[in-house]
>>> print(open('query.cif').read())   # mmCIF, C-alpha atoms
data_upload
#
loop_
_atom_site.label_atom_id
_atom_site.label_comp_id
_atom_site.auth_asym_id
_atom_site.auth_seq_id
_atom_site.Cartn_x
_atom_site.Cartn_y
_atom_site.Cartn_z
CA MET A 176 -102.69 -115.00 26.60
CA LYS A 177 -104.33 -111.58 26.86
CA GLN A 178 -102.60 -109.84 23.95
CA PRO A 179 -100.66 -110.78 20.83
CA ILE A 180 -97.13 -112.05 21.40
CA THR A 181 -94.31 -110.84 19.14
CA ILE A 182 -91.43 -113.20 18.48
CA GLU A 183 -88.36 -111.62 16.94
CA SER A 184 -85.66 -113.40 14.90
CA VAL A 185 -87.88 -116.46 14.75
CA PHE A 186 -85.50 -118.68 12.80
CA PRO A 187 -81.77 -118.87 12.22
CA LEU A 188 -80.92 -116.88 9.09
CA GLN A 189 -80.29 -120.02 7.02
CA LEU A 190 -83.80 -121.40 7.69
CA HIS A 191 -85.39 -117.97 7.17
CA ARG A 192 -83.79 -117.83 3.71
CA LYS A 193 -84.72 -121.45 2.95
CA LEU A 194 -88.40 -120.76 3.69
CA TYR A 195 -88.36 -117.72 1.42
CA ASP A 196 -86.53 -119.67 -1.30
CA GLU A 197 -89.25 -122.33 -1.12
CA ILE A 198 -91.89 -119.61 -1.50
CA LYS A 199 -90.10 -118.11 -4.50
CA LYS A 200 -89.83 -121.41 -6.39
CA THR A 201 -93.46 -122.46 -5.96
CA GLY A 202 -96.28 -121.07 -8.06
CA TRP A 203 -98.77 -118.54 -6.76
CA PHE A 204 -102.42 -118.38 -7.68
CA LEU A 205 -104.98 -115.65 -7.07
CA HIS A 206 -107.44 -117.42 -4.82
CA ASN A 207 -107.18 -116.55 -1.16
CA GLU A 208 -109.65 -114.20 0.52
CA SER A 209 -109.92 -113.11 4.13
CA THR A 210 -113.71 -113.32 4.16
CA PRO A 211 -116.18 -114.56 1.52
CA GLY A 212 -116.51 -112.00 -1.24
CA SER A 213 -113.57 -109.88 -0.11
CA ARG A 214 -110.67 -108.85 -2.34
CA LYS A 215 -108.61 -111.84 -3.45
CA PHE A 216 -104.87 -112.14 -2.83
CA TRP A 217 -102.13 -114.64 -3.64
CA LYS A 218 -101.89 -118.13 -2.15
CA GLN A 219 -99.61 -121.16 -2.25
CA TYR A 220 -100.08 -124.70 -1.02
CA GLN A 221 -97.17 -125.74 1.19
CA GLU A 222 -98.95 -128.06 3.62
CA GLU A 223 -97.00 -131.10 2.36
CA ASN A 224 -93.63 -129.30 2.29
CA VAL A 225 -91.41 -130.78 5.00
CA VAL A 226 -89.50 -127.51 5.40
CA PHE A 227 -92.74 -125.70 6.33
CA GLN A 228 -93.90 -128.54 8.58
CA ASP A 229 -90.59 -128.64 10.48
CA ALA A 230 -90.56 -124.84 10.84
CA GLY A 231 -94.13 -124.97 12.14
CA ARG A 232 -93.18 -127.55 14.76
CA GLN A 233 -90.28 -125.31 15.88
CA ILE A 234 -92.69 -122.42 16.34
CA GLY A 235 -95.08 -124.69 18.22
CA LEU A 236 -92.29 -125.44 20.69
CA LYS A 237 -91.50 -121.73 21.11
CA ALA A 238 -95.20 -121.01 21.59
CA GLU A 239 -95.58 -123.57 24.40
CA GLN A 240 -94.51 -121.02 27.01
CA HIS A 241 -97.51 -118.89 26.02
CA ILE A 242 -100.18 -121.41 25.00
CA GLY A 243 -99.10 -124.76 26.45
CA ARG A 244 -98.74 -128.02 24.54
CA ASN A 245 -100.13 -127.77 21.03
CA GLU A 246 -100.35 -129.44 17.66
CA LEU A 247 -99.89 -127.93 14.22
CA ILE A 248 -103.17 -128.11 12.30
CA ARG A 249 -102.73 -125.82 9.27
CA ILE A 250 -100.16 -124.02 7.15
CA ASN A 251 -101.30 -121.04 5.08
CA VAL A 252 -98.97 -119.14 2.72
CA ASN A 253 -100.21 -115.73 1.60
CA GLY A 254 -98.96 -113.04 -0.75
CA GLN A 255 -100.18 -109.49 -1.25
CA THR A 256 -99.35 -106.76 -3.70
CA LEU A 257 -100.58 -103.19 -4.03
CA ASN A 258 -104.35 -102.84 -3.40
CA GLN A 259 -104.72 -106.38 -2.02
CA GLN A 260 -105.70 -105.19 1.44
CA GLY A 261 -106.81 -107.99 3.75
CA SER A 262 -110.13 -107.95 5.59
CA ALA A 263 -110.47 -108.55 9.32
CA HIS A 264 -111.25 -112.24 9.84
CA ILE A 265 -110.81 -115.07 12.31
CA ASP A 266 -109.04 -118.32 11.48
CA PHE A 267 -110.97 -120.59 13.86
CA PRO A 268 -113.91 -119.82 16.18
CA ASP A 269 -112.37 -121.71 19.11
CA HIS A 270 -110.39 -119.82 21.76
CA ASP A 271 -107.99 -122.77 22.20
CA HIS A 272 -106.74 -122.35 18.62
CA TYR A 273 -103.85 -120.04 17.77
CA THR A 274 -102.21 -118.63 14.67
CA PHE A 275 -98.63 -117.50 14.30
CA VAL A 276 -98.19 -115.05 11.40
CA TYR A 277 -94.60 -115.03 10.15
CA PHE A 278 -93.14 -112.23 8.04
CA SER A 279 -91.24 -114.31 5.50
CA ASN A 280 -89.72 -111.81 3.06
CA THR A 281 -85.95 -111.69 3.45
CA LYS A 282 -85.90 -107.95 2.72
CA TRP A 283 -88.61 -105.46 3.56
CA ASP A 284 -88.57 -101.69 4.04
CA LYS A 285 -91.02 -100.36 6.65
CA ARG A 286 -91.82 -97.49 4.27
CA TRP A 287 -93.58 -100.07 2.07
CA ASP A 288 -96.23 -100.63 4.80
CA GLY A 289 -97.66 -104.18 4.80
CA GLY A 290 -98.26 -104.23 8.55
CA PHE A 291 -100.39 -106.68 10.51
CA ARG A 292 -103.46 -105.65 12.56
CA VAL A 293 -105.09 -107.59 15.41
CA PHE A 294 -108.24 -106.79 17.40
CA THR A 295 -109.08 -108.18 20.83
CA ASP A 296 -112.08 -107.36 23.01
CA LEU A 297 -109.99 -104.75 24.85
CA ALA A 298 -107.63 -103.22 22.26
CA SER A 299 -106.33 -103.12 18.73
CA TYR A 300 -102.70 -103.75 17.83
CA SER A 301 -100.60 -102.84 14.83
CA PHE A 302 -97.32 -104.55 13.96
CA ASP A 303 -94.85 -103.39 11.35
CA TYR A 304 -93.80 -106.00 8.83
CA GLN A 305 -90.30 -106.98 9.94
CA SER A 306 -88.43 -109.74 8.17
CA ASN A 307 -88.06 -112.97 10.22
CA ASN A 308 -90.41 -111.74 12.97
CA GLY A 309 -93.90 -112.95 13.74
CA VAL A 310 -96.97 -112.51 15.90
CA LEU A 311 -98.88 -115.16 17.87
CA VAL A 312 -102.63 -114.52 18.26
CA HIS A 313 -105.71 -116.38 19.38
CA ALA A 314 -107.23 -117.68 16.14
CA ASP A 315 -110.60 -116.19 17.14
CA TRP A 316 -109.21 -112.64 17.32
CA PRO A 317 -110.01 -110.68 14.15
CA HIS A 318 -106.83 -109.85 12.25
CA TYR A 319 -105.62 -108.98 8.76
CA GLY A 320 -102.54 -108.20 6.72
CA GLN A 321 -102.16 -104.77 5.20
CA ALA A 322 -101.19 -104.51 1.55
CA PRO A 323 -97.89 -102.99 0.48
CA ASN A 324 -98.14 -99.43 -0.75
CA ILE A 325 -97.24 -97.78 -4.03
CA ASN A 326 -93.56 -97.48 -3.05
CA THR A 327 -92.83 -101.12 -3.92
CA ASP A 328 -93.75 -103.78 -6.42
CA GLU A 329 -92.53 -106.51 -4.05
CA LEU A 330 -94.85 -109.31 -3.04
CA ARG A 331 -95.51 -109.18 0.74
CA THR A 332 -95.42 -112.78 1.93
CA THR A 333 -96.51 -114.36 5.18
CA ILE A 334 -96.72 -117.90 6.47
CA ALA A 335 -99.47 -118.57 8.98
CA TRP A 336 -99.13 -121.69 11.09
CA SER A 337 -102.23 -122.57 13.12
CA TYR A 338 -102.25 -124.67 16.28
CA ARG A 339 -104.73 -126.35 18.57
CA GLU A 340 -103.92 -126.38 22.26
CA LEU A 341 -103.75 -129.90 23.69
CA HIS A 342 -105.63 -130.24 26.97
#
>>> encode(input="query.cif", output="structure tokens")
Amino acid sequence: MKQPITIESVFPLQLHRKLYDEIKKTGWFLHNESTPGSRKFWKQYQEENVVFQDAGRQIGLKAEQHIGRNELIRINVNGQTLNQQGSAHIDFPDHDHYTFVYFSNTKWDKRWDGGFRVFTDLASYSFDYQSNNGVLVHADWPHYGQAPNINTDELRTTIAWSYRELH
């Protein structure tokens, strides 16, 4: 994989809504940071949630055409509000690890910003936040989520599933 892969309409609408409903009913805490000492943003623990595990396995199957056989190794649920800009970071230092960043809000207006940025050795990429879409990246490519702007008080949510390629 030489560049990020966009997957549109990742889940059937019912599952997309179920994931967001799960996010809405679970508590958030201000803890997550892209890099040590960077601005904190919202986090949830959903690693034990079967809905998130099953969704992650579905994405792993979709990703096989791009990255081969893989196993789900981490689920990370993030939330950002105004001024909670992410910092460029990597998820794992190994090139055989991948992250799929899923735009989980059921409603989002592009005018609210909240895009996703990825940097490879050859180029940089910018993706608008689009509900029920996502981006697959090598986990060692620097990336970050952009905060929503002043035009909304909505929480921008993402689910990041990370995978290790099986050799």
>>> resolve_selection(input="query.cif", expression="the PyMOL selection byres ((chain A and resi 249) around 10)", output="PyMOL selection string")
chain A and resi 221-222+228+231+246-248+250-251+274+335-339
>>> resolve_selection(input="query.cif", expression="the PyMOL selection byres ((chain A and resi 195-201) around 9)", output="JSON, numbers by chain")
{"A": [190, 191, 192, 193, 194, 202, 203, 219, 220, 221, 224, 226, 227, 252, 279, 280, 281, 332]}
>>> closest_residue(input="query.cif", among="A:Ala298, A:Val310, A:Ala322, A:Ile334", to="Lys177 in chain A", atoms="all atoms listed in the file")
A:Ala298
>>> resolve_selection(input="query.cif", expression="the PyMOL selection byres ((chain A and resi 297) around 12)", output="PyMOL selection string")
chain A and resi 177-179+293-296+298-300+316
>>> residues_around(input="query.cif", residues="Thr333 in chain A", least_positions_apart="3", cutoff="7 Å", atoms="all atoms listed in the file", output="NGL selection string")
:A and (252-254 or 276-279)
>>> atom_distance(input="query.cif", atom1="CA of Val225 in chain A", atom2="CA of Ala238 in chain A")
19.6 Å
>>> closest_residue(input="query.cif", among="A:Arg232, A:His318, A:Lys285, A:His272", to="Ser209 in chain A", atoms="all atoms listed in the file")
A:His318
>>> atom_distance(input="query.cif", atom1="CA of Gln189 in chain A", atom2="CA of Lys237 in chain A")
18.1 Å
>>> atom_distance(input="query.cif", atom1="CA of Phe186 in chain A", atom2="CA of Gly243 in chain A")
20.2 Å
>>> closest_residue(input="query.cif", among="A:Leu236, A:Ile242, A:Leu205, A:Ile182", to="Gln255 in chain A", atoms="all atoms listed in the file")
A:Leu205
>>> residues_around(input="query.cif", residues="Arg286 in chain A", least_positions_apart="4", cutoff="10 Å", atoms="all atoms listed in the file", output="NGL selection string")
:A and (303-304 or 323-327)
>>> closest_residue(input="query.cif", among="A:Asp328, A:Ser306, A:Ile265, A:Asp271", to="Arg292 in chain A", atoms="all atoms listed in the file")
A:Ile265
>>> closest_residue(input="query.cif", among="A:Asp288, A:Glu223, A:Glu329, A:Glu340", to="Tyr273 in chain A", atoms="only C-alpha atoms")
A:Glu340
>>> closest_residue(input="query.cif", among="A:Thr181, A:Pro211, A:Glu239, A:Phe275", to="Ser301 in chain A", atoms="only C-alpha atoms")
A:Thr181
